[in-house]
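Asks: So here's work_22.cif (mmCIF, C-alpha atoms).
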data_coords
loop_
_atom_site.group_PDB
_atom_site.id
_atom_site.type_symbol
_atom_site.label_atom_id
_atom_site.label_comp_id
_atom_site.auth_asym_id
_atom_site.auth_seq_id
_atom_site.Cartn_x
_atom_site.Cartn_y
_atom_site.Cartn_z
ATOM 1 C CA MET A 1 -55.448 32.792 -26.755
ATOM 2 C CA PRO A 2 -58.556 31.367 -25.060
ATOM 3 C CA THR A 3 -60.059 33.577 -22.344
ATOM 4 C CA THR A 4 -62.381 33.176 -19.415
ATOM 5 C CA ARG A 5 -64.443 35.563 -17.292
ATOM 6 C CA ARG A 6 -64.049 35.761 -13.536
ATOM 7 C CA GLY A 7 -65.917 38.401 -11.569
ATOM 8 C CA GLY A 8 -66.701 40.272 -14.752
ATOM 9 C CA VAL A 9 -63.047 40.599 -15.651
ATOM 10 C CA VAL A 10 -61.717 38.970 -18.748
ATOM 11 C CA LEU A 11 -58.675 36.861 -17.939
ATOM 12 C CA ALA A 12 -56.320 35.078 -20.236
ATOM 13 C CA GLU A 13 -56.518 31.325 -19.681
ATOM 14 C CA GLN A 14 -53.201 29.984 -18.369
ATOM 15 C CA HIS A 15 -51.608 27.407 -20.619
ATOM 16 C CA ARG A 16 -51.227 24.016 -18.977
ATOM 17 C CA PRO A 17 -47.997 22.242 -19.884
ATOM 18 C CA SER A 18 -48.456 18.954 -21.668
ATOM 19 C CA ARG A 19 -47.411 15.629 -20.166
ATOM 20 C CA THR A 20 -44.518 15.469 -22.638
ATOM 21 C CA SER A 21 -43.134 18.852 -21.597
ATOM 22 C CA LYS A 22 -43.360 17.835 -17.934
ATOM 23 C CA LEU A 23 -41.369 14.688 -18.615
ATOM 24 C CA VAL A 24 -38.739 16.650 -20.525
ATOM 25 C CA THR A 25 -38.435 19.143 -17.673
ATOM 26 C CA ARG A 26 -38.049 16.372 -15.111
ATOM 27 C CA LEU A 27 -35.454 14.638 -17.255
ATOM 28 C CA VAL A 28 -33.426 17.837 -17.566
ATOM 29 C CA LEU A 29 -33.556 18.368 -13.806
ATOM 30 C CA VAL A 30 -32.459 14.784 -13.149
ATOM 31 C CA LEU A 31 -29.555 15.116 -15.576
ATOM 32 C CA LEU A 32 -28.496 18.407 -14.020
ATOM 33 C CA ALA A 33 -28.650 16.916 -10.534
ATOM 34 C CA GLY A 34 -26.706 13.866 -11.685
ATOM 35 C CA GLY A 35 -24.071 16.072 -13.248
ATOM 36 C CA LEU A 36 -23.665 17.997 -10.016
ATOM 37 C CA VAL A 37 -23.311 14.762 -8.047
ATOM 38 C CA VAL A 38 -20.696 13.392 -10.451
ATOM 39 C CA ALA A 39 -18.824 16.682 -10.477
ATOM 40 C CA GLY A 40 -18.893 16.748 -6.693
ATOM 41 C CA PHE A 41 -17.649 13.163 -6.495
ATOM 42 C CA VAL A 42 -14.840 13.785 -8.964
ATOM 43 C CA GLY A 43 -13.909 16.973 -7.175
ATOM 44 C CA ALA A 44 -13.912 15.285 -3.778
ATOM 45 C CA ARG A 45 -11.893 12.383 -5.131
ATOM 46 C CA GLY A 46 -9.396 14.826 -6.573
ATOM 47 C CA LEU A 47 -9.088 16.554 -3.214
ATOM 48 C CA VAL A 48 -8.515 13.231 -1.459
ATOM 49 C CA THR A 49 -5.980 12.150 -4.079
ATOM 50 C CA ASN A 50 -3.988 15.357 -4.032
ATOM 51 C CA PHE A 51 -4.496 16.620 -0.501
ATOM 52 C CA GLY A 52 -5.355 13.525 1.553
ATOM 53 C CA GLY A 53 -3.046 12.016 4.117
ATOM 54 C CA PRO A 54 0.161 10.205 3.148
ATOM 55 C CA ARG A 55 -0.579 6.879 1.451
ATOM 56 C CA CYS A 56 1.270 4.149 -0.403
ATOM 57 C CA GLN A 57 -0.223 2.217 -3.305
ATOM 58 C CA ALA A 58 0.728 -1.209 -4.654
ATOM 59 C CA THR A 59 -0.368 -1.941 -8.220
ATOM 60 C CA ALA A 60 0.041 -5.355 -9.827
ATOM 61 C CA LEU A 61 -1.937 -8.016 -11.629
ATOM 62 C CA GLY A 62 -4.407 -5.385 -12.848
ATOM 63 C CA SER A 63 -5.414 -4.295 -9.333
ATOM 64 C CA SER A 64 -4.354 -1.759 -6.724
ATOM 65 C CA VAL A 65 -4.430 -1.582 -2.951
ATOM 66 C CA ASP A 66 -3.293 1.204 -0.663
ATOM 67 C CA PHE A 67 -2.104 1.444 2.928
ATOM 68 C CA ASP A 68 -0.584 4.154 5.066
ATOM 69 C CA PRO A 69 3.234 4.476 5.097
ATOM 70 C CA SER A 70 3.641 2.710 8.443
ATOM 71 C CA GLN A 71 1.655 -0.327 7.297
ATOM 72 C CA THR A 72 3.566 -0.413 4.016
ATOM 73 C CA ALA A 73 6.895 -0.265 5.850
ATOM 74 C CA TYR A 74 5.929 -3.308 7.933
ATOM 75 C CA ALA A 75 4.868 -5.146 4.766
ATOM 76 C CA ALA A 76 8.281 -4.302 3.295
ATOM 77 C CA THR A 77 9.992 -5.826 6.327
ATOM 78 C CA ILE A 78 7.941 -9.010 5.999
ATOM 79 C CA GLU A 79 8.688 -9.371 2.283
ATOM 80 C CA ALA A 80 12.358 -8.430 2.661
ATOM 81 C CA ILE A 81 12.968 -11.144 5.235
ATOM 82 C CA ALA A 82 11.398 -13.698 2.893
ATOM 83 C CA GLU A 83 13.861 -12.532 0.219
ATOM 84 C CA LYS A 84 16.801 -12.739 2.599
ATOM 85 C CA ARG A 85 15.834 -16.270 3.613
ATOM 86 C CA GLY A 86 15.442 -17.330 -0.013
ATOM 87 C CA LEU A 87 11.741 -18.096 0.391
ATOM 88 C CA PRO A 88 9.302 -18.009 -2.543
ATOM 89 C CA ALA A 89 6.956 -15.089 -3.141
ATOM 90 C CA ARG A 90 4.088 -17.265 -1.898
ATOM 91 C CA ALA A 91 5.613 -17.226 1.588
ATOM 92 C CA ALA A 92 5.564 -13.424 1.660
ATOM 93 C CA THR A 93 1.976 -13.366 0.391
ATOM 94 C CA ILE A 94 0.908 -15.679 3.220
ATOM 95 C CA ALA A 95 2.815 -13.727 5.868
ATOM 96 C CA ILE A 96 1.552 -10.301 4.770
ATOM 97 C CA ALA A 97 -2.051 -11.525 4.508
ATOM 98 C CA THR A 98 -1.733 -13.007 7.995
ATOM 99 C CA ALA A 99 -0.402 -9.741 9.427
ATOM 100 C CA ILE A 100 -3.241 -7.792 7.795
ATOM 101 C CA GLN A 101 -5.797 -10.101 9.375
ATOM 102 C CA GLU A 102 -4.125 -10.285 12.778
ATOM 103 C CA SER A 103 -3.088 -6.662 13.332
ATOM 104 C CA LYS A 104 -3.945 -4.667 10.190
ATOM 105 C CA LEU A 105 -0.172 -4.441 9.694
ATOM 106 C CA ARG A 106 0.330 -2.701 13.048
ATOM 107 C CA ASN A 107 2.916 -3.637 15.657
ATOM 108 C CA LEU A 108 0.336 -3.833 18.433
ATOM 109 C CA LYS A 109 1.309 -3.933 22.094
ATOM 110 C CA TYR A 110 -1.988 -5.614 22.969
ATOM 111 C CA GLY A 111 -4.365 -8.266 21.665
ATOM 112 C CA ASP A 112 -6.522 -11.223 22.600
ATOM 113 C CA ARG A 113 -5.255 -12.609 25.901
ATOM 114 C CA ASP A 114 -1.451 -12.195 25.728
ATOM 115 C CA SER A 115 -1.175 -11.744 21.938
ATOM 116 C CA VAL A 116 1.067 -8.910 20.701
ATOM 117 C CA GLY A 117 2.849 -7.700 17.591
ATOM 118 C CA LEU A 118 2.312 -7.888 13.846
ATOM 119 C CA PHE A 119 1.201 -11.519 13.904
ATOM 120 C CA GLN A 120 -0.441 -11.406 17.349
ATOM 121 C CA GLN A 121 1.882 -14.110 18.619
ATOM 122 C CA ARG A 122 1.522 -15.245 22.228
ATOM 123 C CA PRO A 123 4.425 -15.528 24.675
ATOM 124 C CA SER A 124 2.498 -18.220 26.534
ATOM 125 C CA GLN A 125 2.485 -20.338 23.370
ATOM 126 C CA GLY A 126 6.248 -20.288 22.957
ATOM 127 C CA TRP A 127 6.627 -17.514 20.374
ATOM 128 C CA GLY A 128 9.082 -15.571 22.553
ATOM 129 C CA THR A 129 8.997 -12.801 25.122
ATOM 130 C CA VAL A 130 6.823 -9.728 24.662
ATOM 131 C CA GLU A 131 9.923 -7.662 23.890
ATOM 132 C CA GLN A 132 11.068 -10.157 21.268
ATOM 133 C CA ILE A 133 7.685 -10.434 19.565
ATOM 134 C CA LEU A 134 7.399 -6.642 19.375
ATOM 135 C CA ASP A 135 10.545 -6.654 17.220
ATOM 136 C CA PRO A 136 9.095 -6.969 13.668
ATOM 137 C CA VAL A 137 12.210 -8.735 12.365
ATOM 138 C CA TYR A 138 12.124 -11.326 15.155
ATOM 139 C CA ALA A 139 8.355 -11.838 14.839
ATOM 140 C CA THR A 140 8.553 -12.275 11.067
ATOM 141 C CA ASN A 141 11.376 -14.791 11.314
ATOM 142 C CA LYS A 142 9.420 -16.778 13.908
ATOM 143 C CA PHE A 143 6.424 -16.833 11.575
ATOM 144 C CA TYR A 144 8.553 -18.119 8.697
ATOM 145 C CA ASP A 145 10.208 -20.677 10.985
ATOM 146 C CA ALA A 146 6.767 -22.161 11.615
ATOM 147 C CA LEU A 147 5.633 -21.807 8.007
ATOM 148 C CA VAL A 148 8.517 -23.693 6.394
ATOM 149 C CA LYS A 149 7.882 -26.686 8.647
ATOM 150 C CA ILE A 150 4.580 -27.265 6.841
ATOM 151 C CA ASP A 151 5.124 -29.624 3.922
ATOM 152 C CA GLY A 152 3.602 -28.335 0.704
ATOM 153 C CA TYR A 153 2.549 -24.964 2.119
ATOM 154 C CA GLU A 154 3.091 -23.282 -1.264
ATOM 155 C CA ASP A 155 0.197 -25.234 -2.757
ATOM 156 C CA MET A 156 -2.134 -25.107 0.229
ATOM 157 C CA ARG A 157 -5.066 -22.767 0.743
ATOM 158 C CA ILE A 158 -4.184 -19.877 2.999
ATOM 159 C CA THR A 159 -6.966 -20.883 5.380
ATOM 160 C CA GLU A 160 -5.288 -24.251 5.931
ATOM 161 C CA ILE A 161 -1.898 -22.657 6.469
ATOM 162 C CA ALA A 162 -3.271 -20.094 8.912
ATOM 163 C CA GLN A 163 -4.813 -22.839 10.987
ATOM 164 C CA LYS A 164 -1.525 -24.746 11.157
ATOM 165 C CA VAL A 165 0.696 -21.737 11.914
ATOM 166 C CA GLN A 166 -1.543 -19.367 13.849
ATOM 167 C CA LYS A 167 -3.946 -21.898 15.394
ATOM 168 C CA SER A 168 -6.682 -19.425 14.507
ATOM 169 C CA ALA A 169 -10.284 -19.799 15.592
ATOM 170 C CA TYR A 170 -11.367 -18.096 12.346
ATOM 171 C CA PRO A 171 -9.070 -19.419 9.589
ATOM 172 C CA GLU A 172 -11.456 -18.429 6.779
ATOM 173 C CA ALA A 173 -10.863 -14.748 7.584
ATOM 174 C CA TYR A 174 -7.315 -14.910 6.194
ATOM 175 C CA ALA A 175 -8.629 -15.532 2.688
ATOM 176 C CA ASP A 176 -10.168 -12.041 2.728
ATOM 177 C CA HIS A 177 -6.671 -10.540 2.622
ATOM 178 C CA GLU A 178 -4.885 -12.928 0.280
ATOM 179 C CA GLN A 179 -5.211 -10.591 -2.718
ATOM 180 C CA GLU A 180 -3.839 -7.653 -0.716
ATOM 181 C CA GLY A 181 -0.942 -9.803 0.437
ATOM 182 C CA ARG A 182 -0.262 -10.918 -3.124
ATOM 183 C CA LEU A 183 -0.206 -7.350 -4.479
ATOM 184 C CA LEU A 184 2.155 -6.129 -1.774
ATOM 185 C CA ALA A 185 4.419 -9.170 -2.116
ATOM 186 C CA SER A 186 4.540 -8.857 -5.910
ATOM 187 C CA THR A 187 5.490 -5.173 -5.906
ATOM 188 C CA LEU A 188 7.882 -5.337 -2.950
ATOM 189 C CA SER A 189 9.699 -8.387 -4.328
ATOM 190 C CA GLY A 190 10.372 -6.716 -7.675
ATOM 191 C CA HIS A 191 8.160 -9.087 -9.645
ATOM 192 C CA SER A 192 5.981 -6.084 -10.565
ATOM 193 C CA PRO A 193 8.446 -3.258 -11.374
ATOM 194 C CA GLU A 194 7.239 0.285 -10.659
ATOM 195 C CA GLY A 195 4.313 -1.214 -8.782
ATOM 196 C CA LEU A 196 4.853 0.603 -5.486
ATOM 197 C CA GLY A 197 4.620 4.343 -4.931
ATOM 198 C CA CYS A 198 3.960 6.587 -1.935
ATOM 199 C CA ARG A 199 2.453 10.054 -1.539
ATOM 200 C CA LEU A 200 4.473 11.667 1.239
ATOM 201 C CA ASP A 201 5.072 15.105 2.693
ATOM 202 C CA ASP A 202 8.404 16.696 1.857
ATOM 203 C CA PRO A 203 10.996 16.117 4.576
ATOM 204 C CA ALA A 204 12.671 18.986 6.364
ATOM 205 C CA ALA A 205 16.167 19.985 5.297
ATOM 206 C CA GLY A 206 18.693 17.531 6.663
ATOM 207 C CA GLU A 207 16.006 15.077 7.724
ATOM 208 C CA GLY A 208 16.641 11.418 7.067
ATOM 209 C CA ASP A 209 19.472 9.049 7.813
ATOM 210 C CA PRO A 210 21.233 7.335 4.874
ATOM 211 C CA ALA A 211 23.252 5.173 7.274
ATOM 212 C CA ALA A 212 20.037 3.883 8.879
ATOM 213 C CA LEU A 213 18.672 2.846 5.477
ATOM 214 C CA LYS A 214 21.952 1.108 4.659
ATOM 215 C CA ALA A 215 21.758 -0.839 7.931
ATOM 216 C CA ALA A 216 18.099 -1.759 7.359
ATOM 217 C CA LEU A 217 18.810 -3.011 3.834
ATOM 218 C CA ALA A 218 21.479 -5.323 5.226
ATOM 219 C CA LYS A 219 19.490 -6.494 8.253
ATOM 220 C CA GLU A 220 16.138 -7.111 6.579
ATOM 221 C CA LEU A 221 16.802 -7.611 2.869
ATOM 222 C CA GLY A 222 20.350 -8.931 3.069
ATOM 223 C CA VAL A 223 21.575 -6.337 0.567
ATOM 224 C CA LYS A 224 24.863 -4.454 0.726
ATOM 225 C CA ALA A 225 24.758 -0.719 0.088
ATOM 226 C CA THR A 226 27.229 2.149 0.091
ATOM 227 C CA VAL A 227 26.739 5.655 1.454
ATOM 228 C CA SER A 228 28.229 8.776 -0.084
ATOM 229 C CA GLY A 229 27.066 11.995 1.505
ATOM 230 C CA ARG A 230 23.271 12.033 1.262
ATOM 231 C CA THR A 231 23.059 9.166 -1.235
ATOM 232 C CA VAL A 232 22.705 5.407 -0.779
ATOM 233 C CA THR A 233 23.615 3.126 -3.683
ATOM 234 C CA VAL A 234 22.856 -0.560 -4.211
ATOM 235 C CA SER A 235 24.403 -2.580 -7.030
ATOM 236 C CA ALA A 236 22.001 -5.484 -7.481
ATOM 237 C CA GLY A 237 22.717 -8.801 -9.142
ATOM 238 C CA SER A 238 19.609 -8.737 -11.333
ATOM 239 C CA GLU A 239 16.838 -6.459 -12.510
ATOM 240 C CA ARG A 240 14.333 -8.047 -10.148
ATOM 241 C CA ALA A 241 16.706 -7.691 -7.195
ATOM 242 C CA ALA A 242 17.179 -4.021 -8.092
ATOM 243 C CA TRP A 243 13.429 -3.432 -8.143
ATOM 244 C CA SER A 244 13.094 -5.271 -4.841
ATOM 245 C CA ALA A 245 15.651 -2.968 -3.198
ATOM 246 C CA GLY A 246 14.067 0.063 -4.863
ATOM 247 C CA ALA A 247 10.565 -0.833 -3.695
ATOM 248 C CA TYR A 248 11.924 -1.429 -0.185
ATOM 249 C CA ALA A 249 13.485 2.059 -0.184
ATOM 250 C CA VAL A 250 10.203 3.647 -1.306
ATOM 251 C CA ALA A 251 8.220 1.726 1.320
ATOM 252 C CA LYS A 252 10.666 2.915 3.993
ATOM 253 C CA ALA A 253 10.962 6.496 2.678
ATOM 254 C CA SER A 254 8.633 7.890 5.326
ATOM 255 C CA GLN A 255 10.697 6.204 8.028
ATOM 256 C CA HIS A 256 14.194 6.968 6.723
ATOM 257 C CA GLY A 257 13.519 10.262 4.931
ATOM 258 C CA ALA A 258 14.455 9.483 1.320
ATOM 259 C CA THR A 259 13.384 12.059 -1.278
ATOM 260 C CA SER A 260 13.870 9.979 -4.429
ATOM 261 C CA VAL A 261 14.602 6.410 -5.477
ATOM 262 C CA ARG A 262 16.052 5.545 -8.871
ATOM 263 C CA VAL A 263 16.124 2.041 -10.326
ATOM 264 C CA GLY A 264 18.002 1.992 -13.606
ATOM 265 C CA SER A 265 16.457 4.739 -15.738
ATOM 266 C CA ARG A 266 13.212 4.993 -13.747
ATOM 267 C CA GLU A 267 12.700 7.187 -10.709
ATOM 268 C CA TRP A 268 10.212 7.736 -7.894
ATOM 269 C CA THR A 269 10.159 11.261 -6.462
ATOM 270 C CA ARG A 270 8.705 12.104 -3.084
ATOM 271 C CA THR A 271 5.623 14.328 -3.339
ATOM 272 C CA ARG A 272 2.238 14.689 -1.653
ATOM 273 C CA ASN A 273 0.131 14.625 -4.837
ATOM 274 C CA SER A 274 -0.918 11.587 -6.868
ATOM 275 C CA SER A 275 2.291 11.561 -8.929
ATOM 276 C CA GLY A 276 3.911 10.076 -5.826
ATOM 277 C CA TRP A 277 2.278 6.798 -6.841
ATOM 278 C CA GLN A 278 4.109 6.832 -10.176
ATOM 279 C CA TRP A 279 7.603 6.361 -11.569
ATOM 280 C CA HIS A 280 9.036 8.491 -14.371
ATOM 281 C CA ASP A 281 12.003 8.537 -16.736
ATOM 282 C CA ALA A 282 15.344 9.600 -15.307
ATOM 283 C CA LYS A 283 18.538 10.240 -17.231
ATOM 284 C CA GLY A 284 21.843 8.704 -16.338
ATOM 285 C CA GLY A 285 20.617 5.639 -14.476
ATOM 286 C CA LYS A 286 22.595 2.409 -14.625
ATOM 287 C CA ALA A 287 21.005 -0.999 -15.132
ATOM 288 C CA ASN A 288 20.458 -2.983 -11.921
ATOM 289 C CA THR A 289 21.584 -0.016 -9.830
ATOM 290 C CA VAL A 290 19.460 1.588 -7.121
ATOM 291 C CA THR A 291 20.194 5.162 -6.069
ATOM 292 C CA VAL A 292 18.414 6.623 -3.046
ATOM 293 C CA THR A 293 18.797 10.328 -2.320
ATOM 294 C CA PHE A 294 18.040 12.356 0.797
ATOM 295 C CA ALA A 295 17.353 16.048 1.339
ATOM 296 C CA PRO A 296 20.582 18.046 1.771
#
Show me the file's structure as structure tokens.
Replies:
Amino acid sequence: MPTTRRGGVVLAEQHRPSRTSKLVTRLVLVLLAGGLVVAGFVGARGLVTNFGGPRCQATALGSSVDFDPSQTAYAATIEAIAEKRGLPARAATIAIATAIQESKLRNLKYGDRDSVGLFQQRPSQGWGTVEQILDPVYATNKFYDALVKIDGYEDMRITEIAQKVQKSAYPEAYADHEQEGRLLASTLSGHSPEGLGCRLDDPAAGEGDPAALKAALAKELGVKATVSGRTVTVSAGSERAAWSAGAYAVAKASQHGATSVRVGSREWTRTRNSSGWQWHDAKGGKANTVTVTFAP
């Protein structure tokens, strides 16, 4: 090893790392840091997925969107009323996208000037009283009443429709939510089976009201159901109708307290982790039959 003298003392000359070794060292450090970042991201995402707040996810057409249970329940009301009125899926897409833009799917008691409710309708513009507009079923029906008066609305751009129905000052903003509206409408209408799932906390024993779900199915979706103990059953006329009723029950599970929803041989089970977004095989299910169970 080369040496040098300093103050009469012989010292070993320190080896200077080459440029190549420096680059290798830096590369290793960068890779290690990147690995830690990725691991941290994956870990954080896992924590959010499994331990985050209650959420519902709609998956269709190769995409997903998620909302909290309250927002999803309002979207279910909007889509269900379209079904009950015999309106096409496009009508529900337009209505849900409008509600996202106007209120973020919240039944607001305030707004610009005298606007209130899901669609921010104004009593002074003839939409009804404040009390009426704050009823989601009434407000949704009033929106559809105005929508169906527009000739050719199914083929129009949502910005054009919004301007005609809502008299919006910013009609282009509705287009930002058209995809979200389409995903929710597709899953809630049964056109995308198994597309809707919710991560929810377990209900307390005895929580939930099967009779309330039965009444809501009739009022909003126009579907007859039977109640036996802690179980609600719907015998649908088609597979799509069964999935529509099943998706409605999942979307309303936080509100009515359901613990599982079975459509045919597929079942959604209430849980807080990410499996709450998924459906799984269930034995004994009947075709076109929806079975909703509640905690005993």
Asks: With a cut-off of 9 Å, could you pull out the residues of stretch 72-101 of chain A touching stretch 150-158 of chain A and give me the nearest pair of atoms for each, distance in Å to one decimal, using all atoms listed in the file, ordered by chain and ascending number, as JSON lines?
Replies:
{"residue": "A:Pro88", "atom": "CA", "partner": "A:Glu154", "partner_atom": "CA", "distance": 8.2}
{"residue": "A:Arg90", "atom": "CA", "partner": "A:Glu154", "partner_atom": "CA", "distance": 6.1}
{"residue": "A:Ala91", "atom": "CA", "partner": "A:Glu154", "partner_atom": "CA", "distance": 7.2}
{"residue": "A:Ile94", "atom": "CA", "partner": "A:Ile158", "partner_atom": "CA", "distance": 6.6}
{"residue": "A:Ala97", "atom": "CA", "partner": "A:Ile158", "partner_atom": "CA", "distance": 8.8}
{"residue": "A:Thr98", "atom": "CA", "partner": "A:Ile158", "partner_atom": "CA", "distance": 8.8}
Asks: Please evaluate the PyMOL selection byres ((chain A and resi 74) around 9) against the structure above and give the resulting residues as a PyMOL selection string.
Replies: chain A and resi 69-73+75-79+96+105-107+118+136+251-252
Asks: What does the distance between atom CA of A:Ser260 and atom CA of A:Asp201 come to in Å, to one decimal place?
Replies: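 The value is 12.4 Å.
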Asks: So which one's closest to A:Val148, A:Ala58, A:Arg85, A:Ser124, A:Ile100? Using only C-alpha atoms, please.
Replies: A:Arg85
Asks: Report as a VMD selection string the full result of the PyMOL selection byres ((chain A and resi 173) around 10) when it is applied to this structure.
Replies: chain A and resid 97 to 98 101 to 102 158 to 159 162 168 to 172 174 to 178
Asks: If you measure from atom CA of A:Val261 to atom CA of A:Gly246, what distance in Å do you get, rounded to one decimal?
Replies: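 Atom CA of A:Val261 sits 6.4 Å away from atom CA of A:Gly246.
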Asks: For the structure shown, which residues end up in the PyMOL selection byres ((chain A and resi 108) around 10)? Put them as a list in words, please?
Replies: Glu102, Ser103, Lys104, Leu105, Arg106, Asn107, Lys109, Tyr110, Gly111, Ser115, Val116, Gly117, Leu118, Phe119, Gln120, Ile133 and Leu134 of chain A
Asks: Determine, counting all atoms listed in the file, which protein, DNA and RNA residues have an atom within 9 Å of an atom of A:Ser186; residues of the same chain fewer than 2 positions away are not included. Present the result as a PyMOL selection string.
Replies: chain A and resi 58-61+89+92-93+181-184+188-193+195
Asks: Which one is closest to A:Asp202: A:Gln125, A:Gln163, A:Thr259, A:Ser64? Count only C-alpha atoms.
Replies: A:Thr259
Asks: Work out how far apart atom CA of A:Thr226 and atom CA of A:Asp68 are and give it in Å to one decimal.
Replies: 28.3 Å
Asks: Using all atoms listed in the file for the distances, tell me which of A:Gly284, A:Gly206, A:Pro123, A:Gly229 is nearest to A:Val263.
Replies: A:Gly284
